[in-house]
Each structure stands twice: as structure tokens, then as C-alpha cells.
$ cat model_23.txt   # compact mmCIF, C-alpha atoms and all ligand atoms
# COMPACT_ATOMS: atom_id res chain seq x y z
CA MET A 1444 -82.48 108.59 -198.70
CA SER A 1445 -82.51 104.98 -197.65
CA ARG A 1446 -85.58 102.76 -197.71
CA TYR A 1447 -85.47 102.73 -193.91
CA LEU A 1448 -86.32 106.39 -193.38
CA ILE A 1449 -89.83 106.79 -191.99
CA ASP A 1450 -92.43 108.73 -193.98
CA THR A 1451 -92.53 111.66 -191.55
CA TYR A 1452 -89.10 112.78 -192.72
CA ARG A 1453 -89.18 111.82 -196.39
CA SER A 1454 -90.78 115.02 -197.66
CA LEU A 1455 -88.99 117.35 -195.23
CA GLU A 1456 -87.42 120.35 -196.94
CA VAL A 1457 -84.19 120.67 -195.00
CA TYR A 1458 -82.23 123.85 -194.28
CA THR A 1459 -79.49 124.71 -196.78
CA PRO A 1460 -76.47 126.18 -194.96
CA GLY A 1461 -74.35 128.76 -196.77
CA GLU A 1462 -71.63 127.07 -198.81
CA GLN A 1463 -68.25 126.43 -197.15
CA PRO A 1464 -66.15 125.55 -200.23
CA ARG A 1465 -62.68 124.11 -199.93
CA ASP A 1466 -61.61 124.45 -203.60
CA MET A 1467 -59.94 127.84 -203.21
CA GLN A 1468 -59.37 130.73 -200.81
CA TYR A 1469 -62.45 132.94 -201.12
CA VAL A 1470 -63.20 136.35 -199.69
CA LYS A 1471 -65.96 134.81 -197.63
CA LEU A 1472 -68.93 137.15 -197.27
CA ASN A 1473 -71.70 134.54 -197.34
CA THR A 1474 -72.41 133.23 -193.81
CA ASN A 1475 -72.23 136.31 -191.58
CA GLU A 1476 -69.17 135.17 -189.68
CA SER A 1477 -66.97 137.76 -188.00
CA PRO A 1478 -63.89 138.71 -190.03
CA TYR A 1479 -61.98 139.10 -186.74
CA PRO A 1480 -60.44 136.19 -184.80
CA PRO A 1481 -61.29 135.28 -181.21
CA SER A 1482 -59.33 137.19 -178.56
CA PRO A 1483 -56.10 135.60 -177.22
CA ALA A 1484 -57.84 134.85 -173.90
CA VAL A 1485 -60.49 132.82 -175.73
CA ILE A 1486 -57.90 130.83 -177.64
CA ALA A 1487 -55.99 130.15 -174.40
CA ALA A 1488 -59.17 129.10 -172.55
CA ALA A 1489 -60.20 126.67 -175.30
CA SER A 1490 -56.69 125.19 -175.55
CA GLY A 1491 -56.45 124.89 -171.76
CA GLU A 1492 -59.62 122.82 -171.71
CA ALA A 1493 -58.39 120.48 -174.46
CA GLY A 1494 -56.34 118.50 -171.94
CA ARG A 1495 -59.52 117.67 -169.97
CA LEU A 1496 -61.58 116.37 -172.87
CA GLN A 1497 -61.72 112.90 -171.35
CA LEU A 1498 -64.27 114.35 -168.89
CA TYR A 1499 -67.87 115.23 -169.73
CA SER A 1500 -68.75 118.90 -169.69
CA ASP A 1501 -70.87 120.41 -166.88
CA PRO A 1502 -74.49 119.73 -167.91
CA THR A 1503 -75.70 122.74 -165.90
CA CYS A 1504 -73.23 125.09 -167.69
CA ALA A 1505 -73.15 126.95 -164.37
CA ALA A 1506 -69.89 128.92 -164.76
CA LEU A 1507 -70.75 130.11 -168.25
CA ARG A 1508 -74.34 131.00 -167.33
CA ASP A 1509 -73.06 133.02 -164.37
CA VAL A 1510 -70.81 135.21 -166.50
CA ILE A 1511 -73.52 135.72 -169.11
CA ALA A 1512 -75.98 136.57 -166.31
CA GLY A 1513 -73.46 139.06 -164.89
CA LEU A 1514 -73.05 140.83 -168.23
CA TYR A 1515 -76.79 141.11 -168.87
CA GLY A 1516 -77.86 141.91 -165.29
CA VAL A 1517 -79.98 138.78 -164.75
CA GLU A 1518 -79.66 135.63 -162.63
CA ARG A 1519 -78.24 132.23 -163.59
CA GLU A 1520 -81.79 130.79 -163.65
CA ASN A 1521 -82.62 133.26 -166.44
CA VAL A 1522 -79.85 132.01 -168.74
CA TYR A 1523 -79.79 128.94 -170.95
CA ALA A 1524 -76.68 127.85 -172.88
CA SER A 1525 -76.90 125.78 -176.04
CA ASN A 1526 -75.05 124.26 -178.96
CA GLY A 1527 -75.55 127.28 -181.22
CA SER A 1528 -78.77 129.30 -181.11
CA ASP A 1529 -80.26 126.98 -183.75
CA ASP A 1530 -80.64 124.51 -180.91
CA ILE A 1531 -82.68 126.98 -178.85
CA LEU A 1532 -84.95 127.76 -181.80
CA ASN A 1533 -85.42 124.05 -182.43
CA PHE A 1534 -86.32 123.45 -178.79
CA ALA A 1535 -88.65 126.47 -178.74
CA PHE A 1536 -90.66 125.09 -181.67
CA MET A 1537 -90.84 121.73 -179.84
CA ALA A 1538 -91.67 123.11 -176.40
CA PHE A 1539 -93.99 126.01 -177.25
CA ALA A 1540 -95.76 124.86 -180.45
CA GLY A 1541 -95.27 121.13 -181.17
CA ARG A 1542 -97.36 118.83 -183.35
CA GLY A 1543 -100.53 120.64 -184.40
CA GLY A 1544 -99.61 123.77 -182.43
CA ARG A 1545 -99.54 127.13 -184.17
CA ALA A 1546 -96.63 129.47 -184.91
CA TYR A 1547 -96.25 132.81 -186.68
CA PHE A 1548 -93.19 134.36 -188.30
CA PRO A 1549 -92.46 136.57 -191.33
CA ASP A 1550 -92.46 135.17 -194.89
CA ILE A 1551 -88.97 136.56 -195.39
CA THR A 1552 -86.82 135.67 -192.40
CA TYR A 1553 -84.31 133.13 -191.13
CA GLY A 1554 -84.99 130.00 -193.21
CA PHE A 1555 -84.63 127.62 -190.30
CA TYR A 1556 -87.97 128.66 -188.69
CA LYS A 1557 -89.89 126.96 -191.48
CA VAL A 1558 -87.69 123.86 -191.23
CA PHE A 1559 -88.23 123.57 -187.46
CA GLY A 1560 -91.96 124.10 -188.02
CA ASP A 1561 -92.04 121.28 -190.57
CA LEU A 1562 -89.82 119.02 -188.47
CA HIS A 1563 -92.15 119.23 -185.49
CA GLY A 1564 -95.45 119.20 -187.40
CA VAL A 1565 -96.30 122.76 -186.37
CA ASP A 1566 -99.19 124.52 -188.14
CA TYR A 1567 -97.31 127.73 -188.95
CA THR A 1568 -98.28 130.89 -190.81
CA GLU A 1569 -95.79 133.07 -192.64
CA ILE A 1570 -96.91 136.67 -192.30
CA PRO A 1571 -95.81 138.72 -195.34
CA LEU A 1572 -93.39 141.56 -194.72
CA GLU A 1573 -94.51 144.96 -195.99
CA ASP A 1574 -93.42 146.00 -199.50
CA ASP A 1575 -90.39 147.77 -198.05
CA PHE A 1576 -89.48 144.56 -196.14
CA THR A 1577 -90.37 146.00 -192.74
CA VAL A 1578 -92.30 143.96 -190.16
CA ASP A 1579 -95.68 145.48 -189.21
CA PRO A 1580 -95.82 144.64 -185.49
CA ALA A 1581 -99.64 145.01 -185.43
CA LYS A 1582 -99.85 141.87 -187.57
CA TYR A 1583 -98.47 139.90 -184.61
CA HIS A 1584 -100.90 141.23 -182.01
CA GLY A 1585 -103.29 138.81 -180.33
CA LYS A 1586 -102.17 135.61 -182.05
CA ASP A 1587 -103.04 132.06 -180.97
CA GLY A 1588 -99.58 130.50 -180.98
CA LEU A 1589 -95.82 130.87 -180.78
CA ILE A 1590 -94.38 134.01 -182.39
CA VAL A 1591 -90.82 134.11 -183.70
CA ILE A 1592 -89.24 137.40 -184.74
CA ALA A 1593 -85.63 137.83 -185.77
CA ASN A 1594 -84.55 141.29 -184.64
CA PRO A 1595 -82.74 142.52 -186.66
CA ASN A 1596 -84.39 140.40 -189.29
CA ALA A 1597 -82.37 138.24 -191.67
CA PRO A 1598 -81.66 138.57 -194.52
CA THR A 1599 -82.95 142.16 -194.61
CA GLY A 1600 -81.04 143.62 -191.64
CA LEU A 1601 -84.04 145.75 -190.65
CA ALA A 1602 -84.78 146.08 -186.94
CA LEU A 1603 -87.93 146.72 -184.89
CA SER A 1604 -87.88 148.98 -181.83
CA VAL A 1605 -88.15 147.51 -178.34
CA ASP A 1606 -91.50 149.33 -178.01
CA ALA A 1607 -92.85 147.57 -181.09
CA ILE A 1608 -91.85 144.20 -179.64
CA GLU A 1609 -93.34 145.12 -176.27
CA GLY A 1610 -96.66 145.63 -178.06
CA ILE A 1611 -96.42 142.06 -179.39
CA LEU A 1612 -95.58 140.71 -175.92
CA LYS A 1613 -98.46 142.55 -174.24
CA THR A 1614 -101.08 141.31 -176.68
CA ASN A 1615 -99.92 137.66 -176.51
CA PRO A 1616 -99.74 136.91 -172.77
CA ASP A 1617 -100.73 133.25 -173.32
CA HIS A 1618 -98.07 132.52 -175.91
CA VAL A 1619 -94.31 132.61 -176.09
CA VAL A 1620 -92.66 135.30 -178.19
CA VAL A 1621 -89.14 134.37 -179.31
CA VAL A 1622 -86.98 137.34 -180.21
CA ASP A 1623 -84.00 136.00 -182.13
CA GLU A 1624 -81.25 138.57 -181.52
CA ALA A 1625 -78.48 136.80 -183.44
CA TYR A 1626 -77.43 140.19 -184.92
CA VAL A 1627 -78.43 142.58 -182.15
CA ASP A 1628 -74.88 143.63 -181.23
CA PHE A 1629 -74.42 145.48 -184.53
CA GLY A 1630 -76.60 148.46 -183.62
CA ALA A 1631 -80.13 147.33 -182.74
CA ASP A 1632 -81.78 147.56 -179.30
CA SER A 1633 -82.02 144.39 -177.24
CA CYS A 1634 -85.21 143.14 -175.60
CA VAL A 1635 -83.27 141.59 -172.70
CA LYS A 1636 -84.44 144.55 -170.60
CA LEU A 1637 -88.05 143.31 -170.98
CA VAL A 1638 -87.37 139.81 -169.62
CA SER A 1639 -88.19 140.72 -165.99
CA LYS A 1640 -91.56 142.12 -167.11
CA TYR A 1641 -92.77 139.45 -169.55
CA PRO A 1642 -92.74 135.75 -168.59
CA ASN A 1643 -93.61 134.91 -172.23
CA LEU A 1644 -90.44 136.50 -173.71
CA LEU A 1645 -87.57 134.29 -174.85
CA VAL A 1646 -84.59 136.27 -176.16
CA CYS A 1647 -81.96 134.23 -177.95
CA GLN A 1648 -78.49 135.33 -178.93
CA THR A 1649 -75.39 133.69 -180.31
CA PHE A 1650 -71.61 133.80 -179.99
CA SER A 1651 -71.39 133.05 -183.74
CA LYS A 1652 -71.47 136.61 -185.09
CA SER A 1653 -70.42 139.41 -182.75
CA ARG A 1654 -68.21 137.12 -180.65
CA SER A 1655 -66.27 135.41 -183.47
CA MET A 1656 -67.16 131.86 -182.38
CA ALA A 1657 -69.29 130.42 -185.20
CA GLY A 1658 -67.12 127.31 -185.29
CA ALA A 1659 -67.46 126.68 -181.54
CA ARG A 1660 -71.29 126.49 -181.62
CA LEU A 1661 -72.50 128.51 -178.66
CA GLY A 1662 -75.85 130.21 -178.28
CA PHE A 1663 -77.76 131.41 -175.24
CA ALA A 1664 -81.24 132.43 -174.24
CA ILE A 1665 -82.34 134.94 -171.61
CA ALA A 1666 -85.86 134.55 -170.26
CA ASP A 1667 -88.04 134.04 -167.23
CA ALA A 1668 -86.82 131.06 -165.17
CA GLY A 1669 -89.97 129.14 -166.14
CA LEU A 1670 -89.13 129.19 -169.85
CA ILE A 1671 -85.50 128.26 -169.15
CA ALA A 1672 -86.73 125.25 -167.14
CA ASP A 1673 -88.96 124.26 -170.10
CA LEU A 1674 -85.99 124.33 -172.49
CA ASP A 1675 -84.03 122.28 -169.97
CA ARG A 1676 -86.72 119.59 -170.00
CA ILE A 1677 -86.11 119.14 -173.73
CA ARG A 1678 -82.34 119.35 -173.33
CA TYR A 1679 -82.31 116.68 -170.61
CA SER A 1680 -84.44 114.52 -172.90
CA THR A 1681 -82.06 114.82 -175.84
CA ASN A 1682 -78.46 115.75 -175.02
CA PRO A 1683 -77.61 117.12 -171.55
CA TYR A 1684 -73.97 117.74 -172.55
CA ASN A 1685 -74.95 120.01 -175.40
CA VAL A 1686 -72.14 122.51 -174.79
CA ASN A 1687 -68.67 120.99 -174.91
CA ARG A 1688 -65.85 121.82 -172.51
CA MET A 1689 -63.75 123.87 -174.93
CA THR A 1690 -66.70 125.93 -176.06
CA MET A 1691 -67.87 126.54 -172.51
CA ALA A 1692 -64.45 127.82 -171.46
CA ALA A 1693 -64.09 129.88 -174.64
CA GLY A 1694 -67.52 131.43 -174.13
CA ALA A 1695 -66.77 132.51 -170.58
CA ALA A 1696 -63.46 134.02 -171.73
CA ALA A 1697 -65.23 135.88 -174.55
CA ILE A 1698 -67.61 137.47 -172.05
CA GLY A 1699 -64.53 138.44 -170.01
CA ASP A 1700 -63.14 140.18 -173.10
CA ASN A 1701 -66.41 141.92 -173.93
CA ASP A 1702 -64.73 145.23 -174.80
CA TYR A 1703 -62.66 143.61 -177.56
CA TYR A 1704 -65.78 142.15 -179.16
CA MET A 1705 -67.83 145.31 -178.83
CA GLN A 1706 -64.99 147.29 -180.44
CA ASN A 1707 -65.07 144.81 -183.33
CA CYS A 1708 -68.81 145.39 -183.63
CA ARG A 1709 -68.25 149.16 -183.88
CA LYS A 1710 -65.60 148.55 -186.58
CA ILE A 1711 -68.00 146.30 -188.49
CA GLU A 1712 -70.75 148.93 -188.25
CA ALA A 1713 -68.41 151.59 -189.67
CA THR A 1714 -67.32 149.23 -192.47
CA ARG A 1715 -70.98 148.42 -193.17
CA GLU A 1716 -71.96 152.07 -193.55
CA ALA A 1717 -68.99 152.82 -195.83
CA ALA A 1718 -69.71 149.76 -198.00
CA ALA A 1719 -73.43 150.66 -198.22
CA GLU A 1720 -72.48 154.13 -199.47
CA ARG A 1721 -70.16 152.71 -202.11
CA LEU A 1722 -72.79 150.23 -203.28
CA ARG A 1723 -75.34 153.05 -203.53
CA ALA A 1724 -72.83 155.06 -205.56
CA LEU A 1725 -72.74 152.09 -207.96
CA GLY A 1726 -76.53 152.33 -208.29
CA PHE A 1727 -77.49 149.60 -205.82
CA THR A 1728 -80.57 149.70 -203.63
CA VAL A 1729 -79.26 148.87 -200.15
CA ILE A 1730 -81.65 148.16 -197.28
CA PRO A 1731 -80.58 150.10 -194.14
CA SER A 1732 -78.98 147.41 -191.98
CA LYS A 1733 -78.51 147.02 -188.23
CA ALA A 1734 -76.74 143.68 -188.74
CA ASN A 1735 -73.31 142.51 -189.94
CA PHE A 1736 -74.57 142.12 -193.50
CA LEU A 1737 -76.07 144.20 -196.28
CA PHE A 1738 -79.03 143.21 -198.44
CA ALA A 1739 -78.63 144.85 -201.83
CA LYS A 1740 -79.85 144.75 -205.42
CA SER A 1741 -78.87 146.39 -208.66
CA ASP A 1742 -81.01 147.18 -211.71
CA ARG A 1743 -78.00 146.36 -213.88
CA VAL A 1744 -77.36 142.78 -212.83
CA ASP A 1745 -79.70 140.25 -211.28
CA GLY A 1746 -78.98 138.74 -207.89
CA GLU A 1747 -78.04 135.29 -209.13
CA THR A 1748 -75.73 136.54 -211.89
CA LEU A 1749 -73.95 138.85 -209.49
CA TYR A 1750 -73.50 136.00 -207.00
CA LEU A 1751 -72.10 133.69 -209.73
CA GLU A 1752 -69.82 136.34 -211.24
CA LEU A 1753 -68.47 137.27 -207.82
CA LYS A 1754 -67.84 133.61 -207.04
CA LYS A 1755 -65.83 133.23 -210.25
CA ARG A 1756 -63.73 136.15 -209.05
CA GLY A 1757 -63.16 134.62 -205.61
CA VAL A 1758 -65.80 136.50 -203.60
CA LEU A 1759 -68.65 134.57 -201.96
CA VAL A 1760 -71.96 136.24 -201.13
CA ARG A 1761 -75.35 134.64 -200.43
CA HIS A 1762 -78.17 134.51 -202.95
CA PHE A 1763 -81.68 133.29 -202.06
CA THR A 1764 -84.10 132.02 -204.70
CA ALA A 1765 -87.36 132.95 -202.92
CA GLU A 1766 -89.53 135.00 -205.29
CA ARG A 1767 -89.67 138.23 -203.28
CA ILE A 1768 -85.93 138.47 -202.72
CA ARG A 1769 -84.32 136.81 -205.72
CA ASP A 1770 -83.13 140.18 -207.09
CA TYR A 1771 -81.03 140.68 -203.97
CA ASP A 1772 -77.79 139.35 -202.56
CA ARG A 1773 -76.86 139.24 -198.89
CA ILE A 1774 -73.32 140.42 -198.32
CA THR A 1775 -71.59 139.84 -194.99
CA VAL A 1776 -69.60 142.83 -193.76
CA GLY A 1777 -65.95 141.79 -193.67
CA THR A 1778 -62.81 143.82 -193.05
CA PRO A 1779 -62.40 147.13 -194.92
CA GLU A 1780 -59.86 145.35 -197.16
CA GLN A 1781 -62.36 142.59 -198.01
CA MET A 1782 -65.01 145.20 -198.82
CA ASP A 1783 -62.51 146.98 -201.12
CA ILE A 1784 -62.11 143.73 -203.05
CA LEU A 1785 -65.90 143.25 -203.18
CA ILE A 1786 -66.47 146.75 -204.57
CA GLN A 1787 -63.65 146.39 -207.07
CA LYS A 1788 -65.05 143.06 -208.35
CA ILE A 1789 -68.59 144.47 -208.56
CA SER A 1790 -67.34 147.49 -210.54
CA GLU A 1791 -65.55 145.08 -212.88
CA ILE A 1792 -68.73 142.97 -213.34
CA LEU A 1793 -70.80 146.10 -214.05
CA GLY A 1794 -68.15 147.34 -216.48
CA ASP A 1795 -67.71 150.65 -214.61
N1 LIG B 1801 -80.76 133.20 -186.03
C1 LIG B 1801 -80.47 133.86 -187.15
C2 LIG B 1801 -81.37 134.96 -187.59
C3 LIG B 1801 -79.33 133.50 -187.90
O1 LIG B 1801 -79.05 134.13 -189.05
C4 LIG B 1801 -78.50 132.47 -187.45
C5 LIG B 1801 -77.24 132.09 -188.20
N2 LIG B 1801 -77.38 131.32 -189.32
C6 LIG B 1801 -78.87 131.78 -186.28
C7 LIG B 1801 -79.99 132.20 -185.58
C8 LIG B 1801 -78.13 130.60 -185.76
O2 LIG B 1801 -76.87 130.87 -185.36
P1 LIG B 1801 -76.01 129.84 -184.50
O3 LIG B 1801 -76.71 128.50 -184.51
O4 LIG B 1801 -74.70 129.81 -185.16
O5 LIG B 1801 -75.99 130.41 -183.11
$ encode --input "model_23.txt" --output "C-alpha cells" --more "lines below"
Ligand code: PMP
Amino acid sequence: MSRYLIDTYRSLEVYTPGEQPRDMQYVKLNTNESPYPPSPAVIAAASGEAGRLQLYSDPTCAALRDVIAGLYGVERENVYASNGSDDILNFAFMAFAGRGGRAYFPDITYGFYKVFGDLHGVDYTEIPLEDDFTVDPAKYHGKDGLIVIANPNAPTGLALSVDAIEGILKTNPDHVVVVDEAYVDFGADSCVKLVSKYPNLLVCQTFSKSRSMAGARLGFAIADAGLIADLDRIRYSTNPYNVNRMTMAAGAAAIGDNDYYMQNCRKIEATREAAAERLRALGFTVIPSKANFLFAKSDRVDGETLYLELKKRGVLVRHFTAERIRDYDRITVGTPEQMDILIQKISEILGD
């Protein structure tokens, strides 16, 4: 920190991204990326746009929003495109809570919510998950501020039903409910179908996981046109060209190749279930996941030791130090071959 940084930001506890080491080739199961590459059409679209990089991108993102709207059965005015879904979450904390405003989210969830809350001076409350890590929707009824729910939740992988979320929406008509569906394509039910009914619902999704574009930074929100206009006010006050040309073209091509990506999701789900079974056979407790990762613990090795021992053997998983979850590791579902290596290394570490 330099002596020039203002006090507001000195004590900020910043988000720690999953490690992206360059020292060796790891089996990388730590940041929930897709193990499958973008489709050829996406690569061609991004490359095609490279020759036009001297021009700014379209600040309205019209072409991309139209194809997303077409896929989800909404209108362009209901779609917002962003530089990763982190940007949407950031803007949502700014626009719908802000300094001194209130927000509610689970104690165990995506770590960035707390960071955005701190960044914007929001008075937030972390509502404890139940002992089995489920979210009790009743605890979010009738609140006096912004509500943010990751569905499926991270890092647990557990999902709420659309009915449970509808209960939260109904009892909070004066406040925005953000449903962060970063992992929804891996088997959970989407709340997009509720958007026409609830002007306080903001669904956000990302191209980073199910659409193999983490490195391109593309997220989107689907909501009532009013909420989209609110996000746009913040966007036009920060960075109107928040989605670059190559990413915009790649995103539209990915929607055009939706079948390829949904087939990958089905493969990942099958790999997830097989890996969960094998971990259980090794004595692990594995939380039932609707995401592209597994959250697992063993009585025979603690979460941090397993993470370190796997890293030594060239496999990266994610370990969190928070008290309630420090026994666990979060393991991204890779290819079947990557999961074979994971299981083999874990067996070796356990001495089986
Ligand atoms: N929400 C959740 C729950 C996540 O795990 C992530 C990925 N770290 C994001 C949002 C953000 O994803 P991106 O910015 O890559 O769209």
C-alpha cells in the first residue's frame, strides 16, 4: 500500500482469486473452469473480430443481448451484458444497497459478496446456513434490504428450488433479490422464468463456467427492464465499453452453439456423479452438488493437508480457511481422465 491510498480502502479485505500458478502444468481443479475448449465457431468469431480492435465495442451490446434474449425467451431490454458476472454483482451492491444500505446473504457463499459489501459501505448481514449447509429460505422472508443468493450455492453446490426463491421474492417486494446462477446449467432450475412476474428479481449468469469462456470475461443479467436500466446508469458512469469486441462476438457465437455447451454440461454432470461415488467409496463426505464442483471432506485427512498434498502431486483444488468449512476442499469437475488422476492421487495420500 502506498501512503497515498485513502483511508476508506486501507482496511478493505480484498477477494482472493483461486491460484493460477505458472510453475508447472497442474491438473487444474481449483477455479471451476470448464475442462472443454470453446467451440470452433467461438474461436473463429473472436479471431474475426481481432482485426477490428482499433474500433470501440458497441456500448449497447445490442447484437449479443438479442441472441441471449432469444435463447431465454425475453426481450433485449431485459438483458444486460457485463465484463464477467462479478461486474453485475458489484453494480448490484452499488445500485440496490450502497453506503449505509442493508444486504443479506449466507455466511458460507461466494466470497465476493462480502468484499462488494465492504467496498460500498453496505451494512450487510451474513445469515448462517443450516448445519447441513442448506439455505433456509424462510430466513430471507420480509427483509429490509438487498438479498443475494447464489443458486446453486458456492462452494457447497447445493441448490434451492424455484418455489423457495419465489417465496423470497414475494415477501420482499420493496427490495431487489439477486439470484446468482453462475452454476445453474449443471442441473439446477433457473429463476429466469420468474422475471416477467417479479420486477425485483435480478438473475445473473456467466459464460465462465458452462460456456468455457472464463478468460473472455462475459456475464449477463436477466431482469425487468427497470433493473437493467439501473445497472446501465452505473455502467455509463464507469465504463460504457465494458464488453470488448472479441468477447461480444465470441459470446454471440457461443449462444449459437448452445447444443455443444449443453452437451458438455451433461458430460460434466455425469463425471461429477461418478467422481462423487468414488470419493464416497474412499470414505469422503460429499455434499450433493448441482454445480461443476464437489465439496468434500474426509475424516482421514484434513482439508488443508489434502490440498497441499495434492498440489505437491500436481493436482490443484481449492481450500477455504473459514471455520465452518475448513475441513472441506472444493474440487472442480474436470474431464473423466482428470478425475481419474485426482482419485489416484487421493488414494496414494490416504495410503489405500
Ligand atoms: N458467482 C459465483 C457464485 C461464482 O463462483 C463466480 C466465479 N468465481 C462468479 C459469480 C463470477 O464469475 P465471472 O465473473 O467469471 O462471471
$ residues_near_ligand --input "model_23.txt" --ligand "ligand LIG 1801 (chain B)" --cutoff "9 Å" --atoms "only C-alpha atoms and all ligand atoms" --output "VMD selection string"
chain A and resid 1460 to 1461 1474 to 1476 1525 to 1532 1552 to 1556 1592 to 1598 1623 to 1626 1647 to 1652 1656 to 1663
$ atom_distance --input "model_23.txt" --atom1 "CA of Ser1482 (chain A)" --atom2 "CA of Tyr1523 (chain A)"
23.3 Å
$ atom_distance --input "model_23.txt" --atom1 "CA of Met1691 (chain A)" --atom2 "CA of Leu1507 (chain A)"
6.3 Å
$ residues_near_point --input "model_23.txt" --point "(-64.2, 141.6, -190.4)" --cutoff "8 Å" --atoms "all atoms listed in the file" --output "list in words"
Ser1477, Pro1478, Tyr1479, Asn1707, Ile1711, Val1776, Gly1777, Thr1778, Pro1779 and Gln1781 of chain A
$ atom_distance --input "model_23.txt" --atom1 "CA of Val1605 (chain A)" --atom2 "CA of Asp1574 (chain A)"
21.9 Å
$ residues_around --input "model_23.txt" --residues "Tyr1771 (chain A)" --least-positions-apart "2" --cutoff "10 Å" --atoms "only C-alpha atoms" --output "PyMOL selection string"
chain A and resi 1598-1599+1727-1729+1737-1741+1744-1747+1749-1750+1761-1764+1767-1769+1773-1774
$ closest_residue --input "model_23.txt" --among "A:Ile1698, A:Ala1602, A:Ala1672, A:Val1646" --to "Pro1731 (chain A)" --atoms "all atoms listed in the file"
A:Ala1602
$ closest_residue --input "model_23.txt" --among "A:Val1635, A:Leu1514, A:Met1782, A:Ala1697" --to "Arg1721 (chain A)" --atoms "only C-alpha atoms"
A:Met1782
$ closest_residue --input "model_23.txt" --among "A:Ile1671, A:Val1760, A:Val1522, A:Leu1753" --to "Glu1791 (chain A)" --atoms "all atoms listed in the file"
A:Leu1753
$ closest_residue --input "model_23.txt" --among "A:Glu1752, A:Asp1700, A:Asp1579, A:Asp1742" --to "Ile1486 (chain A)" --atoms "only C-alpha atoms"
A:Asp1700
$ closest_residue --input "model_23.txt" --among "A:Val1686, A:Leu1572, A:Ala1718, A:Met1444" --to "Tyr1499 (chain A)" --atoms "only C-alpha atoms"
A:Val1686
$ residues_near_point --input "model_23.txt" --point "(-59.3, 120.0, -169.1)" --cutoff "12 Å" --atoms "all atoms listed in the file" --output "list in words"
Ala1487, Ala1488, Ala1489, Ser1490, Gly1491, Glu1492, Ala1493, Gly1494, Arg1495, Leu1496, Gln1497, Leu1498, Tyr1499, Ser1500, Asp1501, Asn1687, Arg1688, Met1689, Thr1690, Met1691 and Ala1692 of chain A
$ write_last_selection --input "model_23.txt" --atoms "C-alpha atoms" --output "mmCIF file, in the coordinates of the input"
data_model
loop_
_atom_site.group_PDB
_atom_site.id
_atom_site.type_symbol
_atom_site.label_atom_id
_atom_site.label_comp_id
_atom_site.auth_asym_id
_atom_site.auth_seq_id
_atom_site.Cartn_x
_atom_site.Cartn_y
_atom_site.Cartn_z
ATOM 1 C CA ALA A 1487 -55.990 130.150 -174.400
ATOM 2 C CA ALA A 1488 -59.170 129.100 -172.550
ATOM 3 C CA ALA A 1489 -60.200 126.670 -175.300
ATOM 4 C CA SER A 1490 -56.690 125.190 -175.550
ATOM 5 C CA GLY A 1491 -56.450 124.890 -171.760
ATOM 6 C CA GLU A 1492 -59.620 122.820 -171.710
ATOM 7 C CA ALA A 1493 -58.390 120.480 -174.460
ATOM 8 C CA GLY A 1494 -56.340 118.500 -171.940
ATOM 9 C CA ARG A 1495 -59.520 117.670 -169.970
ATOM 10 C CA LEU A 1496 -61.580 116.370 -172.870
ATOM 11 C CA GLN A 1497 -61.720 112.900 -171.350
ATOM 12 C CA LEU A 1498 -64.270 114.350 -168.890
ATOM 13 C CA TYR A 1499 -67.870 115.230 -169.730
ATOM 14 C CA SER A 1500 -68.750 118.900 -169.690
ATOM 15 C CA ASP A 1501 -70.870 120.410 -166.880
ATOM 16 C CA ASN A 1687 -68.670 120.990 -174.910
ATOM 17 C CA ARG A 1688 -65.850 121.820 -172.510
ATOM 18 C CA MET A 1689 -63.750 123.870 -174.930
ATOM 19 C CA THR A 1690 -66.700 125.930 -176.060
ATOM 20 C CA MET A 1691 -67.870 126.540 -172.510
ATOM 21 C CA ALA A 1692 -64.450 127.820 -171.460
#
$ closest_residue --input "model_23.txt" --among "A:Gln1706, A:Gln1468, A:Ser1604, A:Gln1463" --to "Val1758 (chain A)" --atoms "only C-alpha atoms"
A:Gln1468
$ residues_around --input "model_23.txt" --residues "Pro1464 (chain A)" --least-positions-apart "5" --cutoff "10 Å" --atoms "all atoms listed in the file" --output "list in words"
Tyr1469, Lys1471 and Leu1759 of chain A
$ residues_around --input "model_23.txt" --residues "Val1565 (chain A)" --least-positions-apart "3" --cutoff "7 Å" --atoms "only C-alpha atoms" --output "MDAnalysis selection string"
chainID A and resid 1540:1546 1560:1561
$ build_atoms --input "model_23.txt" --residues "region 1715-1727 of chain A" --atoms "N, CA and C atoms" --output "PDB file, keeping the file's coordinate frame"
ATOM      1  N   ARG A1715     -69.664 148.637-192.527  1.00  0.00           N
ATOM      2  CA  ARG A1715     -70.980 148.420-193.170  1.00  0.00           C
ATOM      3  C   ARG A1715     -71.486 149.707-193.807  1.00  0.00           C
ATOM      4  N   GLU A1716     -71.427 150.805-193.030  1.00  0.00           N
ATOM      5  CA  GLU A1716     -71.960 152.070-193.550  1.00  0.00           C
ATOM      6  C   GLU A1716     -71.159 152.546-194.760  1.00  0.00           C
ATOM      7  N   ALA A1717     -69.834 152.384-194.694  1.00  0.00           N
ATOM      8  CA  ALA A1717     -68.990 152.820-195.830  1.00  0.00           C
ATOM      9  C   ALA A1717     -69.288 151.960-197.061  1.00  0.00           C
ATOM     10  N   ALA A1718     -69.451 150.656-196.864  1.00  0.00           N
ATOM     11  CA  ALA A1718     -69.710 149.760-198.000  1.00  0.00           C
ATOM     12  C   ALA A1718     -71.097 150.053-198.599  1.00  0.00           C
ATOM     13  N   ALA A1719     -72.076 150.352-197.729  1.00  0.00           N
ATOM     14  CA  ALA A1719     -73.430 150.660-198.220  1.00  0.00           C
ATOM     15  C   ALA A1719     -73.379 151.886-199.120  1.00  0.00           C
ATOM     16  N   GLU A1720     -72.605 152.899-198.667  1.00  0.00           N
ATOM     17  CA  GLU A1720     -72.480 154.130-199.470  1.00  0.00           C
ATOM     18  C   GLU A1720     -71.874 153.826-200.836  1.00  0.00           C
ATOM     19  N   ARG A1721     -70.841 153.013-200.837  1.00  0.00           N
ATOM     20  CA  ARG A1721     -70.160 152.710-202.110  1.00  0.00           C
ATOM     21  C   ARG A1721     -71.065 151.896-203.031  1.00  0.00           C
ATOM     22  N   LEU A1722     -71.850 150.999-202.453  1.00  0.00           N
ATOM     23  CA  LEU A1722     -72.790 150.230-203.280  1.00  0.00           C
ATOM     24  C   LEU A1722     -73.863 151.158-203.858  1.00  0.00           C
ATOM     25  N   ARG A1723     -74.330 152.099-203.038  1.00  0.00           N
ATOM     26  CA  ARG A1723     -75.340 153.050-203.530  1.00  0.00           C
ATOM     27  C   ARG A1723     -74.760 153.891-204.656  1.00  0.00           C
ATOM     28  N   ALA A1724     -73.482 154.259-204.510  1.00  0.00           N
ATOM     29  CA  ALA A1724     -72.830 155.060-205.560  1.00  0.00           C
ATOM     30  C   ALA A1724     -72.752 154.259-206.867  1.00  0.00           C
ATOM     31  N   LEU A1725     -72.756 152.927-206.754  1.00  0.00           N
ATOM     32  CA  LEU A1725     -72.740 152.090-207.960  1.00  0.00           C
ATOM     33  C   LEU A1725     -74.166 151.797-208.456  1.00  0.00           C
ATOM     34  N   GLY A1726     -75.138 152.458-207.838  1.00  0.00           N
ATOM     35  CA  GLY A1726     -76.530 152.330-208.290  1.00  0.00           C
ATOM     36  C   GLY A1726     -77.328 151.246-207.575  1.00  0.00           C
ATOM     37  N   PHE A1727     -76.766 150.647-206.539  1.00  0.00           N
ATOM     38  CA  PHE A1727     -77.490 149.600-205.820  1.00  0.00           C
ATOM     39  C   PHE A1727     -78.559 150.197-204.898  1.00  0.00           C
TER      40      PHE A1727
END
